[in-house]
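Peer 1: Below is the file upload.txt, which contains compact mmCIF, C-alpha atoms.
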# COMPACT_ATOMS: atom_id res chain seq x y z
CA MET A 317 123.39 62.70 89.31
CA ILE A 318 124.88 62.30 92.78
CA LYS A 319 126.71 65.17 94.46
CA ALA A 320 128.41 64.15 97.69
CA PHE A 321 129.84 66.67 100.16
CA VAL A 322 132.22 66.19 103.06
CA VAL A 323 133.37 68.60 105.76
CA ASP A 324 136.86 69.94 105.26
CA ASN A 325 138.13 72.57 107.70
CA ASP A 326 134.55 73.61 108.65
CA ARG A 327 133.71 73.97 104.98
CA LEU A 328 131.74 71.79 102.58
CA HIS A 329 133.81 70.09 99.93
CA LEU A 330 132.47 68.24 96.89
CA VAL A 331 133.93 64.76 96.36
CA ASP A 332 133.87 62.66 93.24
CA ASP A 333 133.28 59.19 94.67
CA LEU A 334 130.54 58.56 97.21
CA VAL A 335 131.57 54.96 97.89
CA GLN A 336 135.17 55.80 98.79
CA ASN A 337 134.09 58.64 101.10
CA SER A 338 130.94 57.02 102.48
CA ASP A 339 132.14 57.34 106.07
CA THR A 340 132.76 61.09 105.90
CA VAL A 341 129.98 62.26 103.56
CA VAL A 342 127.49 64.54 105.34
CA TRP A 343 125.31 65.70 102.43
CA VAL A 344 124.21 63.84 99.32
CA ASP A 345 122.31 65.81 96.68
CA LEU A 346 120.36 63.63 94.22
CA PHE A 347 119.52 65.53 91.05
CA ASN A 348 117.35 63.60 88.57
CA PRO A 349 118.52 60.33 90.14
CA THR A 350 118.50 57.10 88.18
CA LYS A 351 117.23 53.83 89.61
CA GLU A 352 120.81 52.68 90.19
CA GLU A 353 121.67 55.86 92.08
CA GLU A 354 118.58 55.50 94.27
CA THR A 355 119.56 51.90 95.00
CA THR A 356 123.07 53.03 95.98
CA ILE A 357 121.70 55.50 98.55
CA GLU A 358 119.15 53.02 99.88
CA THR A 359 121.86 50.37 100.36
CA TRP A 360 124.22 52.86 101.97
CA LEU A 361 121.76 54.36 104.51
CA GLY A 362 119.12 51.65 104.70
CA ILE A 363 116.25 54.02 103.83
CA ALA A 364 113.80 54.15 100.95
CA VAL A 365 114.40 57.12 98.63
CA PRO A 366 111.00 58.58 97.65
CA THR A 367 110.07 58.44 93.98
CA ARG A 368 108.99 61.49 92.02
CA GLU A 369 105.35 60.35 92.17
CA GLU A 370 105.55 60.04 95.94
CA MET A 371 107.12 63.49 96.21
CA GLU A 372 104.25 65.04 94.24
CA GLU A 373 101.58 63.67 96.61
CA ILE A 374 99.55 66.50 98.12
CA GLU A 375 98.72 64.79 101.42
CA ILE A 376 100.66 66.12 104.40
CA SER A 377 101.29 62.59 105.60
CA SER A 378 103.04 61.83 102.30
CA ARG A 379 105.27 64.89 102.52
CA LEU A 380 106.20 64.94 106.21
CA TYR A 381 106.83 61.61 107.91
CA VAL A 382 109.34 59.51 109.85
CA GLU A 383 110.51 56.18 108.45
CA ASP A 384 113.35 53.89 109.61
CA GLY A 385 114.56 56.58 111.98
CA ALA A 386 114.92 59.17 109.20
CA TYR A 387 112.87 62.35 108.83
CA PHE A 388 111.39 62.91 105.36
CA MET A 389 110.33 66.47 104.50
CA THR A 390 109.07 67.66 101.11
CA ALA A 391 108.51 71.27 100.03
CA ILE A 392 107.50 72.90 96.74
CA LEU A 393 110.30 75.17 95.50
CA PRO A 394 110.52 77.46 92.45
CA ALA A 395 113.17 77.47 89.75
CA GLN A 396 113.74 79.56 86.63
CA THR A 397 112.12 82.56 88.31
CA GLU A 398 114.00 84.95 86.01
CA VAL A 399 111.71 83.96 83.12
CA ASN A 400 107.96 84.50 82.82
CA ASP A 401 107.14 80.83 83.42
CA PRO A 402 108.69 79.66 86.72
CA LEU A 403 109.03 75.93 87.31
CA MET A 404 107.48 74.64 90.53
CA SER A 405 108.50 71.17 91.67
CA PRO A 406 108.88 69.27 94.96
CA VAL A 407 112.20 68.82 96.75
CA THR A 408 112.58 66.19 99.47
CA PHE A 409 114.94 66.63 102.42
CA VAL A 410 115.86 63.44 104.27
CA LEU A 411 117.57 63.85 107.63
CA ALA A 412 119.09 60.49 108.47
CA GLY A 413 121.14 60.80 111.63
CA SER A 414 124.05 63.13 110.97
CA ARG A 415 123.57 63.03 107.20
CA LEU A 416 121.32 64.97 104.85
CA ILE A 417 119.97 63.66 101.54
CA THR A 418 118.13 65.95 99.12
CA VAL A 419 116.12 64.59 96.21
CA ARG A 420 115.07 66.95 93.41
CA TYR A 421 114.17 67.01 89.74
CA HIS A 422 114.76 70.69 89.02
CA GLU A 423 117.40 73.20 90.07
CA PRO A 424 116.36 75.97 92.47
CA LYS A 425 119.01 78.65 92.61
CA ALA A 426 119.72 78.06 96.32
CA PHE A 427 121.13 74.64 95.44
CA LYS A 428 123.77 76.44 93.38
CA THR A 429 124.59 79.35 95.66
CA PHE A 430 124.57 77.57 99.03
CA PRO A 431 127.26 74.91 98.25
CA LEU A 432 129.51 77.58 96.69
CA ARG A 433 129.20 79.78 99.77
CA ALA A 434 129.65 76.87 102.21
CA GLU A 435 132.78 75.85 100.32
CA LYS A 436 134.39 79.28 100.59
CA VAL A 437 133.20 80.42 104.03
CA ALA A 438 132.97 78.53 107.31
CA THR A 439 129.19 78.65 107.84
CA GLY A 440 129.07 76.09 110.65
CA CYS A 441 127.56 73.43 108.36
CA THR A 442 129.31 70.40 109.78
CA SER A 443 126.48 67.87 110.04
CA GLY A 444 123.20 67.00 108.38
CA ASP A 445 121.00 69.15 110.62
CA THR A 446 123.18 72.27 110.34
CA ILE A 447 123.42 71.82 106.56
CA LEU A 448 119.64 71.46 106.37
CA ILE A 449 119.07 74.65 108.35
CA GLY A 450 121.63 76.55 106.26
CA LEU A 451 120.09 75.30 103.03
CA LEU A 452 116.57 76.21 104.17
CA GLU A 453 117.76 79.68 105.16
CA ALA A 454 119.29 80.12 101.71
CA ILE A 455 115.99 79.02 100.14
CA VAL A 456 114.00 81.50 102.23
CA ASP A 457 116.44 84.29 101.32
CA ARG A 458 115.96 83.42 97.66
CA LEU A 459 112.17 83.53 98.00
CA ALA A 460 112.47 86.93 99.69
CA ASP A 461 114.51 88.21 96.75
CA ILE A 462 111.89 86.91 94.31
CA LEU A 463 109.08 88.63 96.21
CA GLU A 464 111.07 91.86 96.39
CA ARG A 465 111.63 91.85 92.64
CA ALA A 466 107.97 91.01 92.02
CA GLY A 467 106.97 93.91 94.28
CA ARG A 468 109.06 96.34 92.22
CA ASP A 469 107.49 95.02 89.02
CA VAL A 470 104.02 95.45 90.49
CA GLU A 471 104.84 99.05 91.43
CA ALA A 472 105.94 99.70 87.84
CA ILE A 473 102.68 98.20 86.55
CA SER A 474 100.73 100.41 88.97
CA ARG A 475 102.43 103.53 87.63
CA ASP A 476 101.72 102.48 84.05
CA ILE A 477 98.02 102.02 84.84
CA PHE A 478 97.38 105.35 86.56
CA GLU A 479 99.74 107.68 84.68
CA ALA A 480 98.72 109.55 81.53
CA ARG A 481 98.56 107.25 78.55
CA SER A 482 98.91 107.67 74.80
CA THR A 483 96.18 109.65 73.02
CA LYS A 484 95.95 107.12 70.19
CA VAL A 485 93.27 104.53 70.81
CA SER A 486 95.19 101.72 69.09
CA LYS A 487 98.27 102.45 71.23
CA ARG A 488 96.18 102.49 74.41
CA ASN A 489 94.63 99.14 73.51
CA ARG A 490 98.06 97.58 73.06
CA ASP A 491 99.19 99.10 76.37
CA PHE A 492 96.22 97.60 78.21
CA GLN A 493 96.85 94.21 76.63
CA GLU A 494 100.47 94.25 77.81
CA LEU A 495 99.40 95.37 81.28
CA LEU A 496 96.91 92.52 81.57
CA LYS A 497 99.59 90.04 80.49
CA GLY A 498 102.04 91.48 83.03
CA ILE A 499 99.46 91.36 85.82
CA GLY A 500 98.66 87.74 84.97
CA ARG A 501 102.33 86.76 85.09
CA LYS A 502 102.88 88.46 88.45
CA GLU A 503 99.78 86.86 89.94
CA ASP A 504 100.97 83.45 88.80
CA LEU A 505 104.40 84.09 90.34
CA ALA A 506 102.95 85.39 93.63
CA SER A 507 100.60 82.41 93.89
CA SER A 508 103.45 79.98 93.25
CA ILE A 509 105.67 81.62 95.86
CA ARG A 510 102.82 81.62 98.38
CA ASP A 511 102.27 77.89 97.82
CA SER A 512 105.99 77.31 98.27
CA LEU A 513 106.03 79.30 101.51
CA ILE A 514 103.05 77.38 102.86
CA SER A 515 104.86 74.09 102.23
CA LEU A 516 107.99 75.49 103.90
CA GLN A 517 105.93 76.66 106.86
CA ARG A 518 104.62 73.13 107.37
CA LEU A 519 108.14 71.75 106.93
CA ALA A 520 109.49 74.15 109.57
CA GLY A 521 106.81 73.07 112.03
CA PHE A 522 107.62 69.41 111.42
CA LEU A 523 111.34 70.13 111.73
CA ALA A 524 110.77 71.93 115.04
CA HIS A 525 109.04 68.82 116.38
CA ALA A 526 111.84 66.63 115.01
CA SER A 527 114.46 68.81 116.69
CA THR A 528 112.80 68.15 120.02
CA GLN A 529 112.52 64.42 119.43
CA SER A 530 116.11 64.02 118.25
CA ARG A 531 117.42 66.43 120.88
CA MET A 532 119.14 68.85 118.54
CA SER A 533 121.19 71.64 120.01
CA LYS A 534 119.62 74.77 121.43
CA ASP A 535 121.16 76.84 118.65
CA ILE A 536 119.52 74.66 115.98
CA ARG A 537 116.12 74.95 117.65
CA ALA A 538 116.50 78.74 117.85
CA ARG A 539 117.38 78.91 114.13
CA ILE A 540 114.33 76.78 113.29
CA LYS A 541 112.09 79.22 115.20
CA THR A 542 113.65 82.16 113.36
CA LEU A 543 113.16 80.33 110.08
CA SER A 544 109.48 79.75 110.89
CA ARG A 545 108.97 83.44 111.67
CA ASP A 546 110.70 84.47 108.44
CA VAL A 547 108.57 82.09 106.38
CA LEU A 548 105.39 83.35 108.06
CA SER A 549 106.27 87.01 107.40
CA LEU A 550 107.09 86.23 103.76
CA ALA A 551 103.78 84.38 103.40
CA ASP A 552 101.96 87.47 104.71
CA HIS A 553 103.88 89.63 102.24
CA ALA A 554 103.02 87.27 99.37
CA THR A 555 99.34 87.47 100.37
CA PHE A 556 99.54 91.28 100.41
CA LEU A 557 101.20 91.24 97.00
CA SER A 558 98.45 89.00 95.60
CA GLN A 559 95.80 91.36 96.96
CA LYS A 560 97.55 94.33 95.35
CA ILE A 561 97.77 92.48 92.05
CA SER A 562 94.03 91.74 92.26
CA PHE A 563 93.40 95.45 92.86
CA LEU A 564 95.52 96.37 89.84
CA LEU A 565 93.60 93.86 87.73
CA ASP A 566 90.31 95.46 88.79
CA ALA A 567 91.77 98.91 88.14
CA THR A 568 92.94 97.92 84.65
CA LEU A 569 89.54 96.47 83.79
CA GLY A 570 87.96 99.66 85.13
CA MET A 571 90.21 101.80 82.92
CA ILE A 572 89.29 99.67 79.91
CA SER A 573 85.61 100.10 80.79
CA ILE A 574 86.08 103.88 81.02
CA GLU A 575 87.73 103.88 77.58
CA GLN A 576 84.85 101.90 76.12
CA ASN A 577 82.26 104.14 77.77
CA ALA A 578 84.00 107.24 76.40
CA ILE A 579 83.87 105.82 72.86
CA ILE A 580 80.21 104.84 73.23
CA LYS A 581 79.43 108.31 74.63
CA ILE A 582 80.99 109.96 71.56
CA PHE A 583 78.83 107.90 69.24
CA SER A 584 75.72 108.61 71.34
CA VAL A 585 76.34 112.36 71.36
CA ALA A 586 77.05 112.35 67.63
CA ALA A 587 73.78 110.51 66.99
CA VAL A 588 71.81 113.04 69.09
CA ILE A 589 73.50 116.02 67.42
CA PHE A 590 72.79 114.81 63.90
CA LEU A 591 69.24 113.67 64.62
CA PRO A 592 67.55 117.15 64.40
CA PRO A 593 69.29 118.07 61.09
CA THR A 594 68.21 114.71 59.72
CA LEU A 595 64.63 115.46 60.76
CA VAL A 596 64.71 118.86 59.00
CA ALA A 597 66.20 117.31 55.86
CA SER A 598 63.58 114.55 55.96
CA ILE A 599 60.73 117.07 56.18
CA TYR A 600 61.89 119.01 53.14
CA GLY A 601 62.63 115.79 51.29
CA MET A 602 59.00 114.67 51.33
CA ASN A 603 57.31 114.32 47.91
CA PHE A 604 54.29 116.63 48.39
CA ASP A 605 53.13 119.03 45.71
CA ILE A 606 52.48 121.88 48.11
CA ILE A 607 55.42 122.82 50.31
CA PRO A 608 55.52 126.63 50.74
CA GLU A 609 59.30 126.88 51.04
CA LEU A 610 59.92 125.11 47.71
CA LYS A 611 59.04 128.24 45.73
CA TRP A 612 60.59 130.64 48.22
CA HIS A 613 63.79 132.39 47.12
CA PHE A 614 65.41 131.93 50.57
CA GLY A 615 64.02 128.43 51.13
CA TYR A 616 67.33 126.60 50.62
CA PRO A 617 69.44 128.83 52.93
CA PHE A 618 66.57 128.73 55.45
CA ALA A 619 66.61 124.89 55.51
CA ILE A 620 70.43 124.82 55.80
CA GLY A 621 70.30 127.31 58.66
CA MET A 622 67.65 125.24 60.44
CA MET A 623 69.82 122.12 60.16
CA VAL A 624 72.94 123.92 61.42
CA LEU A 625 71.05 125.53 64.29
CA SER A 626 69.40 122.24 65.29
CA ALA A 627 72.88 120.66 65.45
CA ILE A 628 74.50 123.52 67.38
CA LEU A 629 71.83 123.78 70.08
CA PRO A 630 72.18 120.17 71.37
CA PHE A 631 75.98 120.47 71.24
CA TRP A 632 75.84 123.71 73.28
CA TYR A 633 73.45 122.11 75.77
CA PHE A 634 75.71 119.08 76.26
CA ARG A 635 78.76 121.25 76.79
CA ARG A 636 76.90 123.41 79.31
CA ARG A 637 75.83 120.36 81.32
CA GLY A 638 79.41 119.03 81.31
CA TRP A 639 78.58 115.91 79.32
CA LEU A 640 81.36 116.67 76.79
Go ahead and render the structure in this file as structure tokens.

Peer 2:
Amino acid sequence: MIKAFVVDNDRLHLVDDLVQNSDTVVWVDLFNPTKEEETTIETWLGIAVPTREEMEEIEISSRLYVEDGAYFMTAILPAQTEVNDPLMSPVTFVLAGSRLITVRYHEPKAFKTFPLRAEKVATGCTSGDTILIGLLEAIVDRLADILERAGRDVEAISRDIFEARSTKVSKRNRDFQELLKGIGRKEDLASSIRDSLISLQRLAGFLAHASTQSRMSKDIRARIKTLSRDVLSLADHATFLSQKISFLLDATLGMISIEQNAIIKIFSVAAVIFLPPTLVASIYGMNFDIIPELKWHFGYPFAIGMMVLSAILPFWYFRRRGWL
């Protein structure tokens, strides 16, 4: 799919036909492009549109490079962050003179919100470089919103871990299972956002160098510096969030260990308490002909009393030492 935008009264306007408006188009957004659509762009601008395999290369030289006078920049961006399984995929930004071409195979939310805003409000996006900066700023704002929401979710998980829990063991087990699942999802999201921010940080550095080489305006260079600082601060926040999630994971595992130790302690104490009565019962259960208490009138209550007393004394001792 090809989306072509032109500038109309300092606002972006979507046009239906790229060929008829080829002279005025400033931004072309390629979403899941076909081979024919790629050929159309390559013929129009005289550049090679990167394939999906080339976009997924992990080498920096394959993501940030200059070819035929155009600057190619690829970053990993998230989509579908509202669900538990966000989609991470590369997006390539091609700055060819005064035009911007974006190539993507998924739909980050910024690619929906930015054109709508630029169509309604004069944002100063009148050329490829200004559109690129505006789009990158919208992407960074979106990543900040995702991290903010993830931070609130992590705070809720923290409260669930350390607040008083249900007294039923089965309910506590289910709670801990849900907490571990929630922690795993948030760690996956934080790691994905951190990877995205790292790729954007490299892109911003490359773009800063490109702005010097192509002699962009002073305002554009200042916005690129601000963008770099914002990305760096968000990357630090994502790292902090990952560290907090790791702490919560350790805390949850510690709480589970405490629960298990408490259960094992109950069984251990019960075994110690019932051991002396078992010994008394075993003594009087031996098959010897001569046991003085067998013929004694108070022999049975005496044996019962010994068993009860031998159970009470260890229980009292454990309570006194604070082991129960």

Peer 1: Taking only C-alpha atoms into account, which of A:Leu516, A:Ala472, A:Gln559, A:Thr367 comes nearest Thr390 in chain A?

Peer 2: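 Distance minimum relative to Thr390 in chain A lands on A:Leu516.
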
Peer 1: Quick one: pull the distance between CA of Leu610 in chain A and CA of Pro592 in chain A, Å, one decimal.

Peer 2: 20.0 Å

Peer 1: Any idea what the distance is between CA of Ala627 in chain A and CA of Thr594 in chain A?

Peer 2: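 CA of Ala627 in chain A sits 9.5 Å away from CA of Thr594 in chain A.
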
Peer 1: Which residue is closest to Ala412 in chain A? Choose from A:Thr340, A:Thr568, A:Ser530, A:Gly467 and count only C-alpha atoms.

Peer 2: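 Ranking A:Thr340, A:Thr568, A:Ser530, A:Gly467 by distance to Ala412 in chain A, first place goes to A:Ser530.
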
Peer 1: Provide the CA of Leu595 in chain A to CA of Pro608 in chain A distance in Å, to one decimal place.

Peer 2: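 It comes out at 17.6 Å.
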
Peer 1: Please provide the set of residues having any atom within 9 Å of range 395-409 of chain A, restricted to all atoms listed in the file, with same-chain residues fewer than 2 positions apart removed, written as number ranges by chain.

Peer 2: A: 366, 368, 371-372, 379, 387-393, 411, 416-425, 448, 462, 501-502, 504-505, 508-509, 512

Peer 1: With C-alpha atoms retained, export the selected residues as an mmCIF file, in the coordinates of the input.

Peer 2:
data_model
loop_
_atom_site.group_PDB
_atom_site.id
_atom_site.type_symbol
_atom_site.label_atom_id
_atom_site.label_comp_id
_atom_site.auth_asym_id
_atom_site.auth_seq_id
_atom_site.Cartn_x
_atom_site.Cartn_y
_atom_site.Cartn_z
ATOM 1 C CA PRO A 366 111.000 58.580 97.650
ATOM 2 C CA ARG A 368 108.990 61.490 92.020
ATOM 3 C CA MET A 371 107.120 63.490 96.210
ATOM 4 C CA GLU A 372 104.250 65.040 94.240
ATOM 5 C CA ARG A 379 105.270 64.890 102.520
ATOM 6 C CA TYR A 387 112.870 62.350 108.830
ATOM 7 C CA PHE A 388 111.390 62.910 105.360
ATOM 8 C CA MET A 389 110.330 66.470 104.500
ATOM 9 C CA THR A 390 109.070 67.660 101.110
ATOM 10 C CA ALA A 391 108.510 71.270 100.030
ATOM 11 C CA ILE A 392 107.500 72.900 96.740
ATOM 12 C CA LEU A 393 110.300 75.170 95.500
ATOM 13 C CA LEU A 411 117.570 63.850 107.630
ATOM 14 C CA LEU A 416 121.320 64.970 104.850
ATOM 15 C CA ILE A 417 119.970 63.660 101.540
ATOM 16 C CA THR A 418 118.130 65.950 99.120
ATOM 17 C CA VAL A 419 116.120 64.590 96.210
ATOM 18 C CA ARG A 420 115.070 66.950 93.410
ATOM 19 C CA TYR A 421 114.170 67.010 89.740
ATOM 20 C CA HIS A 422 114.760 70.690 89.020
ATOM 21 C CA GLU A 423 117.400 73.200 90.070
ATOM 22 C CA PRO A 424 116.360 75.970 92.470
ATOM 23 C CA LYS A 425 119.010 78.650 92.610
ATOM 24 C CA LEU A 448 119.640 71.460 106.370
ATOM 25 C CA ILE A 462 111.890 86.910 94.310
ATOM 26 C CA ARG A 501 102.330 86.760 85.090
ATOM 27 C CA LYS A 502 102.880 88.460 88.450
ATOM 28 C CA ASP A 504 100.970 83.450 88.800
ATOM 29 C CA LEU A 505 104.400 84.090 90.340
ATOM 30 C CA SER A 508 103.450 79.980 93.250
ATOM 31 C CA ILE A 509 105.670 81.620 95.860
ATOM 32 C CA SER A 512 105.990 77.310 98.270
#

Peer 1: So which one's closest to Ile363 in chain A, A:Ser338, A:Ile599, A:Ala386, A:Leu519? Using only C-alpha atoms, please.

Peer 2: A:Ala386

Peer 1: Find the residue from A:Val547, A:Leu495, A:Val437, A:Ala538 that sits nearest to Leu452 in chain A; use only C-alpha atoms when measuring.

Peer 2: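 Nearest to Leu452 in chain A: A:Val547.
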
Peer 1: For Ala426 in chain A, which residue out of A:Ala438, A:Ile376, A:Ala554, A:Leu459 is the nearest one, using only C-alpha atoms?

Peer 2: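 Residue with the minimum atom-to-atom distance to Ala426 in chain A: A:Leu459.
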
Peer 1: Taking 5 positions as the minimum chain separation for residues in the same chain, which residues sit within 10 Å of Met622 in chain A when counting all atoms listed in the file? Answer as a PyMOL selection string.

Peer 2: chain A and resi 592-593+596-597+616-617+627-628

Peer 1: Can you pull out the residues contacting range 574-590 of chain A? Cut-off 9 Å, using all atoms listed in the file, and skip same-chain residues under 4 positions away; I want them as a list in words.

Peer 2: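 Result of the neighbour search: Val485, Leu569, Gly570, Thr594, Leu595, Met623, Ser626, Ala627, Ile628, Leu629, Pro630, Phe631, Phe634, Trp639 and Leu640 of chain A.
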